[in-house]
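Everything below belongs to query-v8.pdb, which stores PDB, C-alpha atoms, pLDDT in the B column.
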ATOM      1  CA  MET A   1       4.611 -68.516 -75.368  1.00 44.00           C
ATOM      2  CA  THR A   2       0.919 -68.362 -74.710  1.00 40.00           C
ATOM      3  CA  SER A   3       0.962 -70.976 -71.925  1.00 41.00           C
ATOM      4  CA  SER A   4       3.899 -69.432 -70.032  1.00 41.00           C
ATOM      5  CA  THR A   5       2.317 -66.037 -70.068  1.00 40.00           C
ATOM      6  CA  SER A   6      -0.907 -67.441 -68.694  1.00 41.00           C
ATOM      7  CA  SER A   7       0.891 -69.194 -65.813  1.00 40.00           C
ATOM      8  CA  ALA A   8       2.706 -66.007 -64.871  1.00 39.00           C
ATOM      9  CA  SER A   9      -0.484 -63.990 -64.790  1.00 40.00           C
ATOM     10  CA  GLN A  10      -2.081 -66.542 -62.496  1.00 43.00           C
ATOM     11  CA  ALA A  11       0.822 -66.459 -60.032  1.00 43.00           C
ATOM     12  CA  VAL A  12       0.659 -62.646 -59.491  1.00 42.00           C
ATOM     13  CA  PRO A  13      -2.179 -61.770 -57.075  1.00 44.00           C
ATOM     14  CA  ARG A  14      -4.629 -59.096 -57.882  1.00 46.00           C
ATOM     15  CA  GLU A  15      -4.367 -55.763 -56.095  1.00 44.00           C
ATOM     16  CA  GLY A  16      -7.638 -56.255 -54.261  1.00 41.00           C
ATOM     17  CA  GLU A  17      -6.699 -59.718 -53.084  1.00 43.00           C
ATOM     18  CA  ALA A  18      -3.357 -58.484 -51.698  1.00 43.00           C
ATOM     19  CA  ALA A  19      -5.065 -55.750 -49.728  1.00 42.00           C
ATOM     20  CA  GLY A  20      -7.610 -58.146 -48.212  1.00 43.00           C
ATOM     21  CA  ARG A  21      -5.194 -60.798 -47.032  1.00 46.00           C
ATOM     22  CA  ARG A  22      -3.432 -60.810 -43.613  1.00 47.00           C
ATOM     23  CA  HIS A  23      -0.715 -62.978 -42.255  1.00 44.00           C
ATOM     24  CA  PRO A  24      -2.267 -65.773 -40.212  1.00 42.00           C
ATOM     25  CA  ALA A  25      -0.352 -64.750 -37.043  1.00 43.00           C
ATOM     26  CA  GLN A  26      -1.485 -61.129 -37.099  1.00 45.00           C
ATOM     27  CA  CYS A  27      -5.125 -61.559 -35.974  1.00 42.00           C
ATOM     28  CA  PRO A  28      -4.468 -63.540 -32.755  1.00 43.00           C
ATOM     29  CA  ALA A  29      -1.848 -60.988 -31.688  1.00 43.00           C
ATOM     30  CA  ARG A  30      -4.274 -58.143 -32.195  1.00 45.00           C
ATOM     31  CA  ARG A  31      -6.997 -59.930 -30.253  1.00 44.00           C
ATOM     32  CA  SER A  32      -4.557 -60.533 -27.380  1.00 44.00           C
ATOM     33  CA  GLY A  33      -3.658 -56.824 -27.300  1.00 46.00           C
ATOM     34  CA  LEU A  34      -7.309 -55.859 -27.123  1.00 42.00           C
ATOM     35  CA  ARG A  35      -7.958 -58.272 -24.299  1.00 46.00           C
ATOM     36  CA  TYR A  36      -4.949 -56.906 -22.361  1.00 43.00           C
ATOM     37  CA  THR A  37      -6.112 -53.336 -22.867  1.00 44.00           C
ATOM     38  CA  GLY A  38      -9.592 -54.275 -21.676  1.00 47.00           C
ATOM     39  CA  LEU A  39      -8.250 -55.940 -18.539  1.00 42.00           C
ATOM     40  CA  LEU A  40      -6.228 -52.835 -17.708  1.00 43.00           C
ATOM     41  CA  ALA A  41      -9.293 -50.625 -18.090  1.00 46.00           C
ATOM     42  CA  LEU A  42     -11.355 -52.997 -15.924  1.00 45.00           C
ATOM     43  CA  ALA A  43      -8.696 -53.071 -13.214  1.00 45.00           C
ATOM     44  CA  ALA A  44      -8.450 -49.269 -13.235  1.00 44.00           C
ATOM     45  CA  SER A  45     -12.203 -48.862 -12.951  1.00 45.00           C
ATOM     46  CA  LEU A  46     -12.355 -51.319 -10.040  1.00 41.00           C
ATOM     47  CA  ALA A  47      -9.530 -49.500  -8.243  1.00 43.00           C
ATOM     48  CA  LEU A  48     -11.287 -46.161  -8.744  1.00 41.00           C
ATOM     49  CA  ALA A  49     -14.543 -47.584  -7.448  1.00 43.00           C
ATOM     50  CA  GLY A  50     -12.743 -48.953  -4.384  1.00 44.00           C
ATOM     51  CA  CYS A  51     -11.249 -45.518  -3.615  1.00 42.00           C
ATOM     52  CA  THR A  52     -14.503 -43.617  -3.971  1.00 41.00           C
ATOM     53  CA  ALA A  53     -16.669 -46.161  -2.150  1.00 43.00           C
ATOM     54  CA  ALA A  54     -14.439 -46.596   0.912  1.00 44.00           C
ATOM     55  CA  PRO A  55     -15.736 -44.502   3.856  1.00 46.00           C
ATOM     56  CA  ALA A  56     -13.478 -41.817   5.278  1.00 47.00           C
ATOM     57  CA  PRO A  57     -11.735 -42.869   8.486  1.00 48.00           C
ATOM     58  CA  ALA A  58     -13.435 -41.607  11.633  1.00 47.00           C
ATOM     59  CA  PRO A  59     -11.523 -38.839  13.429  1.00 46.00           C
ATOM     60  CA  GLU A  60      -9.657 -39.929  16.503  1.00 47.00           C
ATOM     61  CA  GLN A  61     -11.361 -38.965  19.723  1.00 44.00           C
ATOM     62  CA  SER A  62      -9.251 -37.944  22.653  1.00 41.00           C
ATOM     63  CA  ALA A  63      -9.997 -39.542  25.979  1.00 40.00           C
ATOM     64  CA  ALA A  64     -12.260 -37.452  28.182  1.00 39.00           C
ATOM     65  CA  VAL A  65     -10.391 -35.605  30.905  1.00 36.00           C
ATOM     66  CA  PRO A  66     -12.159 -35.918  34.230  1.00 37.00           C
ATOM     67  CA  THR A  67     -12.953 -32.657  35.897  1.00 35.00           C
ATOM     68  CA  SER A  68     -13.215 -31.984  39.559  1.00 34.00           C
ATOM     69  CA  ALA A  69     -15.433 -29.608  41.425  1.00 33.00           C
ATOM     70  CA  PRO A  70     -13.857 -26.186  41.988  1.00 32.00           C
ATOM     71  CA  THR A  71     -12.188 -25.616  45.328  1.00 31.00           C
ATOM     72  CA  PRO A  72     -13.774 -22.828  47.394  1.00 33.00           C
ATOM     73  CA  THR A  73     -11.533 -19.819  47.902  1.00 32.00           C
ATOM     74  CA  ALA A  74     -13.272 -17.893  50.676  1.00 36.00           C
ATOM     75  CA  THR A  75     -11.542 -18.118  54.047  1.00 34.00           C
ATOM     76  CA  SER A  76     -13.601 -15.750  56.196  1.00 37.00           C
ATOM     77  CA  GLY A  77     -16.183 -18.447  56.898  1.00 39.00           C
ATOM     78  CA  VAL A  78     -17.138 -21.845  55.585  1.00 40.00           C
ATOM     79  CA  ALA A  79     -20.534 -23.466  55.710  1.00 43.00           C
ATOM     80  CA  PRO A  80     -20.691 -26.939  57.234  1.00 43.00           C
ATOM     81  CA  GLY A  81     -20.509 -29.828  54.802  1.00 46.00           C
ATOM     82  CA  ASP A  82     -19.509 -33.431  54.536  1.00 49.00           C
ATOM     83  CA  GLU A  83     -15.807 -32.544  54.727  1.00 49.00           C
ATOM     84  CA  PRO A  84     -14.709 -31.565  58.289  1.00 59.00           C
ATOM     85  CA  LEU A  85     -11.780 -29.496  56.996  1.00 68.00           C
ATOM     86  CA  THR A  86     -11.797 -26.643  54.491  1.00 69.00           C
ATOM     87  CA  HIS A  87      -9.223 -26.138  51.730  1.00 68.00           C
ATOM     88  CA  ASP A  88      -7.039 -24.007  54.024  1.00 77.00           C
ATOM     89  CA  GLY A  89      -7.174 -26.416  56.956  1.00 84.00           C
ATOM     90  CA  ARG A  90      -9.984 -24.793  58.910  1.00 88.00           C
ATOM     91  CA  THR A  91     -12.313 -27.013  60.925  1.00 92.00           C
ATOM     92  CA  VAL A  92     -15.990 -26.479  60.204  1.00 90.00           C
ATOM     93  CA  ALA A  93     -18.164 -26.010  63.283  1.00 83.00           C
ATOM     94  CA  PRO A  94     -21.933 -26.493  63.547  1.00 78.00           C
ATOM     95  CA  SER A  95     -23.768 -23.296  62.623  1.00 67.00           C
ATOM     96  CA  THR A  96     -26.810 -22.746  64.800  1.00 66.00           C
ATOM     97  CA  GLY A  97     -29.215 -19.839  64.578  1.00 64.00           C
ATOM     98  CA  ASP A  98     -28.199 -18.307  67.891  1.00 83.00           C
ATOM     99  CA  ARG A  99     -24.704 -17.575  66.543  1.00 86.00           C
ATOM    100  CA  CYS A 100     -26.226 -14.707  64.556  1.00 93.00           C
ATOM    101  CA  ALA A 101     -28.713 -13.442  67.122  1.00 92.00           C
ATOM    102  CA  GLN A 102     -26.829 -10.118  67.270  1.00 93.00           C
ATOM    103  CA  PRO A 103     -27.305  -7.770  65.630  1.00 96.00           C
ATOM    104  CA  ALA A 104     -31.014  -8.565  65.499  1.00 96.00           C
ATOM    105  CA  LEU A 105     -32.860  -8.219  62.197  1.00 95.00           C
ATOM    106  CA  PRO A 106     -34.972  -5.252  63.387  1.00 97.00           C
ATOM    107  CA  ASP A 107     -31.799  -3.439  64.425  1.00 97.00           C
ATOM    108  CA  VAL A 108     -30.253  -3.985  61.002  1.00 98.00           C
ATOM    109  CA  ARG A 109     -33.338  -2.481  59.325  1.00 97.00           C
ATOM    110  CA  ARG A 110     -33.412   0.462  61.753  1.00 97.00           C
ATOM    111  CA  VAL A 111     -29.723   1.348  61.428  1.00 98.00           C
ATOM    112  CA  LEU A 112     -29.313   0.918  57.665  1.00 97.00           C
ATOM    113  CA  GLY A 113     -32.720   2.248  56.663  1.00 96.00           C
ATOM    114  CA  ALA A 114     -33.663   1.939  52.986  1.00 95.00           C
ATOM    115  CA  VAL A 115     -30.551  -0.103  52.158  1.00 96.00           C
ATOM    116  CA  ALA A 116     -31.871  -2.924  54.349  1.00 97.00           C
ATOM    117  CA  ALA A 117     -35.526  -2.674  53.342  1.00 96.00           C
ATOM    118  CA  ASN A 118     -35.477  -6.269  52.003  1.00 96.00           C
ATOM    119  CA  VAL A 119     -32.865  -7.703  54.369  1.00 97.00           C
ATOM    120  CA  GLN A 120     -33.154 -11.452  55.004  1.00 96.00           C
ATOM    121  CA  PRO A 121     -32.428 -13.510  58.153  1.00 94.00           C
ATOM    122  CA  ALA A 122     -28.730 -14.250  58.575  1.00 94.00           C
ATOM    123  CA  GLU A 123     -26.959 -17.372  57.365  1.00 93.00           C
ATOM    124  CA  ALA A 124     -24.333 -18.524  59.878  1.00 93.00           C
ATOM    125  CA  GLN A 125     -20.936 -19.951  59.004  1.00 92.00           C
ATOM    126  CA  ALA A 126     -18.491 -21.077  61.684  1.00 93.00           C
ATOM    127  CA  SER A 127     -14.959 -22.473  61.548  1.00 94.00           C
ATOM    128  CA  SER A 128     -11.725 -22.509  63.522  1.00 94.00           C
ATOM    129  CA  LYS A 129      -7.996 -22.979  63.013  1.00 94.00           C
ATOM    130  CA  ASP A 130      -5.125 -23.045  65.491  1.00 93.00           C
ATOM    131  CA  GLY A 131      -7.474 -21.937  68.268  1.00 95.00           C
ATOM    132  CA  VAL A 132      -8.811 -18.918  66.366  1.00 96.00           C
ATOM    133  CA  ALA A 133     -12.595 -19.154  65.927  1.00 95.00           C
ATOM    134  CA  ASP A 134     -14.601 -17.364  63.230  1.00 96.00           C
ATOM    135  CA  VAL A 135     -18.356 -16.842  62.943  1.00 95.00           C
ATOM    136  CA  VAL A 136     -19.697 -15.057  59.867  1.00 95.00           C
ATOM    137  CA  CYS A 137     -23.331 -13.915  59.654  1.00 96.00           C
ATOM    138  CA  THR A 138     -24.495 -13.058  56.124  1.00 96.00           C
ATOM    139  CA  PHE A 139     -27.641 -10.939  55.842  1.00 97.00           C
ATOM    140  CA  ALA A 140     -28.771 -10.948  52.203  1.00 97.00           C
ATOM    141  CA  LEU A 141     -30.184  -7.587  51.118  1.00 97.00           C
ATOM    142  CA  ALA A 142     -32.510  -9.224  48.590  1.00 95.00           C
ATOM    143  CA  PRO A 143     -34.741 -12.309  48.740  1.00 94.00           C
ATOM    144  CA  VAL A 144     -32.890 -15.618  48.234  1.00 91.00           C
ATOM    145  CA  GLY A 145     -34.479 -18.554  46.464  1.00 88.00           C
ATOM    146  CA  ALA A 146     -34.918 -21.887  48.204  1.00 85.00           C
ATOM    147  CA  GLY A 147     -31.682 -23.851  48.204  1.00 83.00           C
ATOM    148  CA  GLU A 148     -29.635 -20.868  46.974  1.00 88.00           C
ATOM    149  CA  ALA A 149     -26.835 -19.068  48.787  1.00 87.00           C
ATOM    150  CA  ALA A 150     -26.914 -15.372  49.535  1.00 89.00           C
ATOM    151  CA  ASP A 151     -25.144 -13.040  47.114  1.00 94.00           C
ATOM    152  CA  VAL A 152     -22.172 -11.762  49.114  1.00 95.00           C
ATOM    153  CA  GLY A 153     -21.898  -8.877  46.652  1.00 96.00           C
ATOM    154  CA  ASN A 154     -25.211  -7.519  47.904  1.00 97.00           C
ATOM    155  CA  ALA A 155     -25.276  -8.293  51.607  1.00 98.00           C
ATOM    156  CA  LEU A 156     -24.359  -7.226  55.120  1.00 98.00           C
ATOM    157  CA  LEU A 157     -21.684  -9.457  56.653  1.00 98.00           C
ATOM    158  CA  VAL A 158     -20.960  -9.398  60.370  1.00 98.00           C
ATOM    159  CA  ALA A 159     -17.901 -11.488  61.313  1.00 97.00           C
ATOM    160  CA  ARG A 160     -16.583 -12.187  64.805  1.00 97.00           C
ATOM    161  CA  THR A 161     -13.070 -13.545  65.287  1.00 98.00           C
ATOM    162  CA  THR A 162     -11.974 -14.762  68.703  1.00 97.00           C
ATOM    163  CA  ALA A 163      -8.279 -15.387  69.396  1.00 98.00           C
ATOM    164  CA  PRO A 164      -7.020 -17.645  72.214  1.00 97.00           C
ATOM    165  CA  ASP A 165      -4.276 -15.218  73.285  1.00 97.00           C
ATOM    166  CA  GLN A 166      -2.569 -11.941  72.426  1.00 97.00           C
ATOM    167  CA  ALA A 167      -0.003 -13.611  70.186  1.00 97.00           C
ATOM    168  CA  ALA A 168      -2.750 -15.141  68.065  1.00 97.00           C
ATOM    169  CA  LEU A 169      -4.527 -11.794  67.901  1.00 97.00           C
ATOM    170  CA  ASP A 170      -1.357 -10.057  66.773  1.00 97.00           C
ATOM    171  CA  GLY A 171      -0.955 -12.757  64.124  1.00 96.00           C
ATOM    172  CA  LEU A 172      -4.198 -11.676  62.466  1.00 96.00           C
ATOM    173  CA  GLY A 173      -2.454  -8.589  61.085  1.00 96.00           C
ATOM    174  CA  LEU A 174      -5.131  -5.986  61.818  1.00 97.00           C
ATOM    175  CA  PRO A 175      -6.575  -4.219  59.987  1.00 97.00           C
ATOM    176  CA  ARG A 176      -7.292  -6.946  57.445  1.00 96.00           C
ATOM    177  CA  LEU A 177      -7.958  -6.444  53.726  1.00 95.00           C
ATOM    178  CA  MET A 178      -8.610  -2.728  53.747  1.00 97.00           C
ATOM    179  CA  MET A 179      -7.866  -0.065  51.140  1.00 95.00           C
ATOM    180  CA  SER A 180      -6.687   3.159  52.837  1.00 94.00           C
ATOM    181  CA  PRO A 181      -8.035   2.395  56.319  1.00 97.00           C
ATOM    182  CA  GLU A 182      -8.803   5.335  58.584  1.00 96.00           C
ATOM    183  CA  PRO A 183      -9.141   5.230  62.400  1.00 96.00           C
ATOM    184  CA  VAL A 184     -12.492   5.222  64.179  1.00 97.00           C
ATOM    185  CA  PRO A 185     -11.740   6.831  67.588  1.00 93.00           C
ATOM    186  CA  ASP A 186     -15.241   6.205  68.962  1.00 91.00           C
ATOM    187  CA  LEU A 187     -14.512   2.456  68.977  1.00 95.00           C
ATOM    188  CA  GLY A 188     -11.087   2.584  70.621  1.00 92.00           C
ATOM    189  CA  ALA A 189      -7.475   2.518  69.477  1.00 93.00           C
ATOM    190  CA  LYS A 190      -7.896  -0.580  67.332  1.00 96.00           C
ATOM    191  CA  ALA A 191     -10.742   0.367  65.033  1.00 98.00           C
ATOM    192  CA  TRP A 192     -10.625   1.205  61.320  1.00 98.00           C
ATOM    193  CA  TYR A 193     -12.963   2.084  58.461  1.00 98.00           C
ATOM    194  CA  SER A 194     -12.349   1.652  54.748  1.00 98.00           C
ATOM    195  CA  VAL A 195     -14.090   1.699  51.364  1.00 97.00           C
ATOM    196  CA  ASN A 196     -12.881  -1.145  49.144  1.00 97.00           C
ATOM    197  CA  ARG A 197     -13.812  -0.450  45.518  1.00 96.00           C
ATOM    198  CA  LEU A 198     -13.698  -3.699  43.561  1.00 95.00           C
ATOM    199  CA  SER A 199     -14.562  -4.443  39.945  1.00 94.00           C
ATOM    200  CA  GLY A 200     -18.187  -5.408  40.550  1.00 95.00           C
ATOM    201  CA  THR A 201     -18.709  -4.590  44.223  1.00 97.00           C
ATOM    202  CA  THR A 202     -18.039  -1.776  46.661  1.00 98.00           C
ATOM    203  CA  GLU A 203     -17.344  -2.863  50.240  1.00 98.00           C
ATOM    204  CA  TYR A 204     -17.834  -0.483  53.155  1.00 98.00           C
ATOM    205  CA  VAL A 205     -15.835  -2.093  55.968  1.00 98.00           C
ATOM    206  CA  LEU A 206     -15.424  -1.395  59.665  1.00 98.00           C
ATOM    207  CA  GLU A 207     -13.166  -3.546  61.837  1.00 98.00           C
ATOM    208  CA  ALA A 208     -12.691  -3.129  65.585  1.00 98.00           C
ATOM    209  CA  ALA A 209     -10.837  -5.162  68.229  1.00 97.00           C
ATOM    210  CA  ASN A 210     -12.053  -5.383  71.827  1.00 96.00           C
ATOM    211  CA  GLY A 211      -9.856  -7.579  73.993  1.00 96.00           C
ATOM    212  CA  LEU A 212      -9.264 -10.846  72.082  1.00 97.00           C
ATOM    213  CA  THR A 213     -12.354 -10.446  69.893  1.00 97.00           C
ATOM    214  CA  VAL A 214     -12.479  -8.675  66.540  1.00 98.00           C
ATOM    215  CA  VAL A 215     -15.768  -7.578  64.977  1.00 98.00           C
ATOM    216  CA  ARG A 216     -15.762  -6.879  61.242  1.00 98.00           C
ATOM    217  CA  VAL A 217     -18.875  -5.354  59.660  1.00 98.00           C
ATOM    218  CA  THR A 218     -19.025  -5.218  55.866  1.00 98.00           C
ATOM    219  CA  LEU A 219     -21.778  -3.721  53.739  1.00 98.00           C
ATOM    220  CA  ALA A 220     -21.273  -4.999  50.187  1.00 98.00           C
ATOM    221  CA  LEU A 221     -23.231  -3.303  47.400  1.00 98.00           C
ATOM    222  CA  PRO A 222     -23.091  -3.511  43.595  1.00 96.00           C
ATOM    223  CA  ALA A 223     -20.466  -1.150  42.206  1.00 95.00           C
ATOM    224  CA  ASP A 224     -23.061   0.951  40.378  1.00 94.00           C
ATOM    225  CA  ALA A 225     -25.193   1.508  43.493  1.00 95.00           C
ATOM    226  CA  ALA A 226     -25.224   4.965  45.061  1.00 93.00           C
ATOM    227  CA  GLU A 227     -23.094   5.354  48.191  1.00 92.00           C
ATOM    228  CA  PRO A 228     -25.296   5.564  51.296  1.00 93.00           C
ATOM    229  CA  GLU A 229     -24.812   8.474  53.671  1.00 93.00           C
ATOM    230  CA  ASN A 230     -23.372   8.226  57.199  1.00 94.00           C
ATOM    231  CA  LEU A 231     -22.247   4.643  56.647  1.00 96.00           C
ATOM    232  CA  LYS A 232     -19.212   4.973  58.870  1.00 96.00           C
ATOM    233  CA  ALA A 233     -21.374   5.853  61.867  1.00 96.00           C
ATOM    234  CA  GLU A 234     -24.004   3.252  60.976  1.00 97.00           C
ATOM    235  CA  LEU A 235     -21.465   0.429  60.708  1.00 98.00           C
ATOM    236  CA  ALA A 236     -19.934   1.543  64.010  1.00 97.00           C
ATOM    237  CA  GLU A 237     -23.355   1.229  65.665  1.00 97.00           C
ATOM    238  CA  LEU A 238     -23.833  -2.270  64.198  1.00 98.00           C
ATOM    239  CA  ALA A 239     -20.388  -3.243  65.483  1.00 97.00           C
ATOM    240  CA  LYS A 240     -21.423  -2.180  69.022  1.00 96.00           C
ATOM    241  CA  LEU A 241     -24.609  -4.249  68.722  1.00 96.00           C
ATOM    242  CA  SER A 242     -22.642  -7.311  67.607  1.00 93.00           C
TER     243      SER A 242
END
Transcribe the structure of this file into structure tokens.
Amino acid sequence: MTSSTSSASQAVPREGEAAGRRHPAQCPARRSGLRYTGLLALAASLALAGCTAAPAPAPEQSAAVPTSAPTPTATSGVAPGDEPLTHDGRTVAPSTGDRCAQPALPDVRRVLGAVAANVQPAEAQASSKDGVADVVCTFALAPVGAGEAADVGNALLVARTTAPDQAALDGLGLPRLMMSPEPVPDLGAKAWYSVNRLSGTTEYVLEAANGLTVVRVTLALPADAAEPENLKAELAELAKLS
């Protein structure tokens, strides 16, 4: 009885021993799970680093659109240049000083008075189309810097148009570009005067036809400038001198 009881007590493990033992296969499985979890964390951290370190793509740049120089719009006269034809098909003619000999600069100062106190020598522009020849003389009313063009919004413009025949003269459609033109009897049956009030400029215009030649005298002043007195008569005198 004593020996059998002793054998049985040896076969039953103590409580502490049972708690400390593990099945031999359990530890490798746990280590494998830890390694797998670590690899996942490493892969995630590398992916995150790749996303944050990659530079943002550069914005697409559109191809530059070439621009061309603006086309001039004035048709009353065109200064000579490298191109023999203007945008509306006019042929540019050489502009010599004698084309604007009349009216003479002293006459312009005398007739217009204080308005022309700082008047400058005329710039000539000449062109022709379909036999109709135009010469425009621009007298700047203020000094013009070297290499700069006169401000046509503050100038006296004297234009002469010569038609080859009556049909061409009739085709001009006189009077041209006038707001509420009124007749000027002192200059004949084909003479008109008008005040053209524009957004930034006021034009005082007189146009008169004599035979196949039309003289158009325009005094252009800033819109806020005071209106000179007796302009109708003064422009008529300049037209006679032209």
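Closest to Val111 (chain A) among A:Leu172, A:Leu156, A:Ala220, A:Ala150 is A:Leu156, based on all atoms listed in the file.
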Exercise: region 187-189 of chain A partners within 8 Å, all atoms listed in the file, chain neighbours under 4 positions left out, as a VMD selection string: chain A and resid 183 208 236
Which of A:Leu174, A:Ala223, A:Val215, A:Ala117 sits closest to Cys137 (chain A) [using all atoms listed in the file]: A:Val215
Pick from A:Ser180, A:Gln120, A:Ser127, A:Thr202, whichever lies nearest to Phe139 (chain A) using all atoms listed in the file: A:Gln120
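If you look at CA of Ala225 (chain A) and CA of Arg160 (chain A), they are 26.8 Å away from each other.
The shortest atom-to-atom distance to Leu235 (chain A), with all atoms listed in the file taken into account, belongs to A:Leu112 out of A:Val136, A:Leu112, A:Ala163, A:Ala142.
Going from CA of Met179 (chain A) to CA of Leu157 (chain A) covers 17.6 Å.
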All residues 8 Å or closer to region 96-110 of chain A, all atoms listed in the file, same chain fewer than 3 positions away omitted, as an MDAnalysis selection string: chainID A and resid 113:114 116:117 119:124 135 137 238 241:242
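Here CA of Ser128 (chain A) and CA of Gly89 (chain A) stand 8.9 Å from one another.
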Test item: the PyMOL selection byres ((chain A and resi 176) around 10) resolved as a ChimeraX atom specification: /A:172-175,177-179,181,192,205,207,216
Just the residues within 12 Å of Ser199 (chain A), please, counting all atoms listed in the file, with nothing from its chain fewer than 5 positions along; format it as a compact mmCIF listing (two decimals) with C-alpha atoms, in the coordinates of the input.
# COMPACT_ATOMS: atom_id res chain seq x y z
CA GLY A 153 -21.90 -8.88 46.65
CA LEU A 221 -23.23 -3.30 47.40
CA PRO A 222 -23.09 -3.51 43.60
CA ALA A 223 -20.47 -1.15 42.21
CA ASP A 224 -23.06 0.95 40.38
Resolved residues for the PyMOL selection byres ((chain A and resi 204) around 6) as a list of chain:residue names: A:Val195, A:Glu203, A:Val205, A:Thr218, A:Leu219
Box along x, y and z, 4 Å on every side, all listed atoms of region 221-235 of chain A inside: centre and edge lengths in Å to one decimal, as lines of an AutoDock Vina configuration file.
center_x = -22.3
center_y = 2.5
center_z = 51.1
size_x = 14.1
size_y = 20.0
size_z = 29.5
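Among the candidates A:Ala209, A:Ala233, A:Val217, A:Ala140, the residue lying nearest to Asp170 (chain A) is A:Ala209 (atoms considered: all atoms listed in the file).
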With N, CA and C atoms as the target, complete region 102-117 of chain A and hand it back as a tab-separated table (two decimals), keeping the file's coordinate frame.
chain	number	residue	atom	x	y	z
A	102	GLN	N	-27.19	-11.54	67.20
A	102	GLN	CA	-26.83	-10.12	67.27
A	102	GLN	C	-25.90	-9.77	66.10
A	103	PRO	N	-26.17	-8.67	65.40
A	103	PRO	CA	-27.30	-7.77	65.63
A	103	PRO	C	-28.63	-8.39	65.17
A	104	ALA	N	-29.70	-8.03	65.84
A	104	ALA	CA	-31.01	-8.56	65.50
A	104	ALA	C	-31.51	-7.94	64.20
A	105	LEU	N	-32.37	-8.67	63.50
A	105	LEU	CA	-32.86	-8.22	62.20
A	105	LEU	C	-33.55	-6.85	62.29
A	106	PRO	N	-34.37	-6.60	63.29
A	106	PRO	CA	-34.97	-5.25	63.39
A	106	PRO	C	-33.93	-4.15	63.55
A	107	ASP	N	-32.85	-4.45	64.27
A	107	ASP	CA	-31.80	-3.44	64.42
A	107	ASP	C	-31.10	-3.15	63.10
A	108	VAL	N	-30.89	-4.19	62.31
A	108	VAL	CA	-30.25	-3.98	61.00
A	108	VAL	C	-31.13	-3.08	60.14
A	109	ARG	N	-32.43	-3.32	60.12
A	109	ARG	CA	-33.34	-2.48	59.32
A	109	ARG	C	-33.35	-1.04	59.85
A	110	ARG	N	-33.36	-0.87	61.16
A	110	ARG	CA	-33.41	0.46	61.75
A	110	ARG	C	-32.16	1.26	61.45
A	111	VAL	N	-30.99	0.62	61.60
A	111	VAL	CA	-29.72	1.35	61.43
A	111	VAL	C	-29.45	1.67	59.96
A	112	LEU	N	-29.66	0.72	59.07
A	112	LEU	CA	-29.31	0.92	57.66
A	112	LEU	C	-30.43	1.56	56.85
A	113	GLY	N	-31.64	1.57	57.37
A	113	GLY	CA	-32.72	2.25	56.66
A	113	GLY	C	-33.08	1.59	55.34
A	114	ALA	N	-33.19	2.42	54.29
A	114	ALA	CA	-33.66	1.94	52.99
A	114	ALA	C	-32.76	0.87	52.39
A	115	VAL	N	-31.48	0.91	52.70
A	115	VAL	CA	-30.55	-0.10	52.16
A	115	VAL	C	-30.96	-1.50	52.59
A	116	ALA	N	-31.51	-1.62	53.80
A	116	ALA	CA	-31.87	-2.92	54.35
A	116	ALA	C	-33.37	-3.16	54.31
A	117	ALA	N	-34.07	-2.52	53.39
A	117	ALA	CA	-35.53	-2.67	53.34
A	117	ALA	C	-35.94	-4.12	53.10
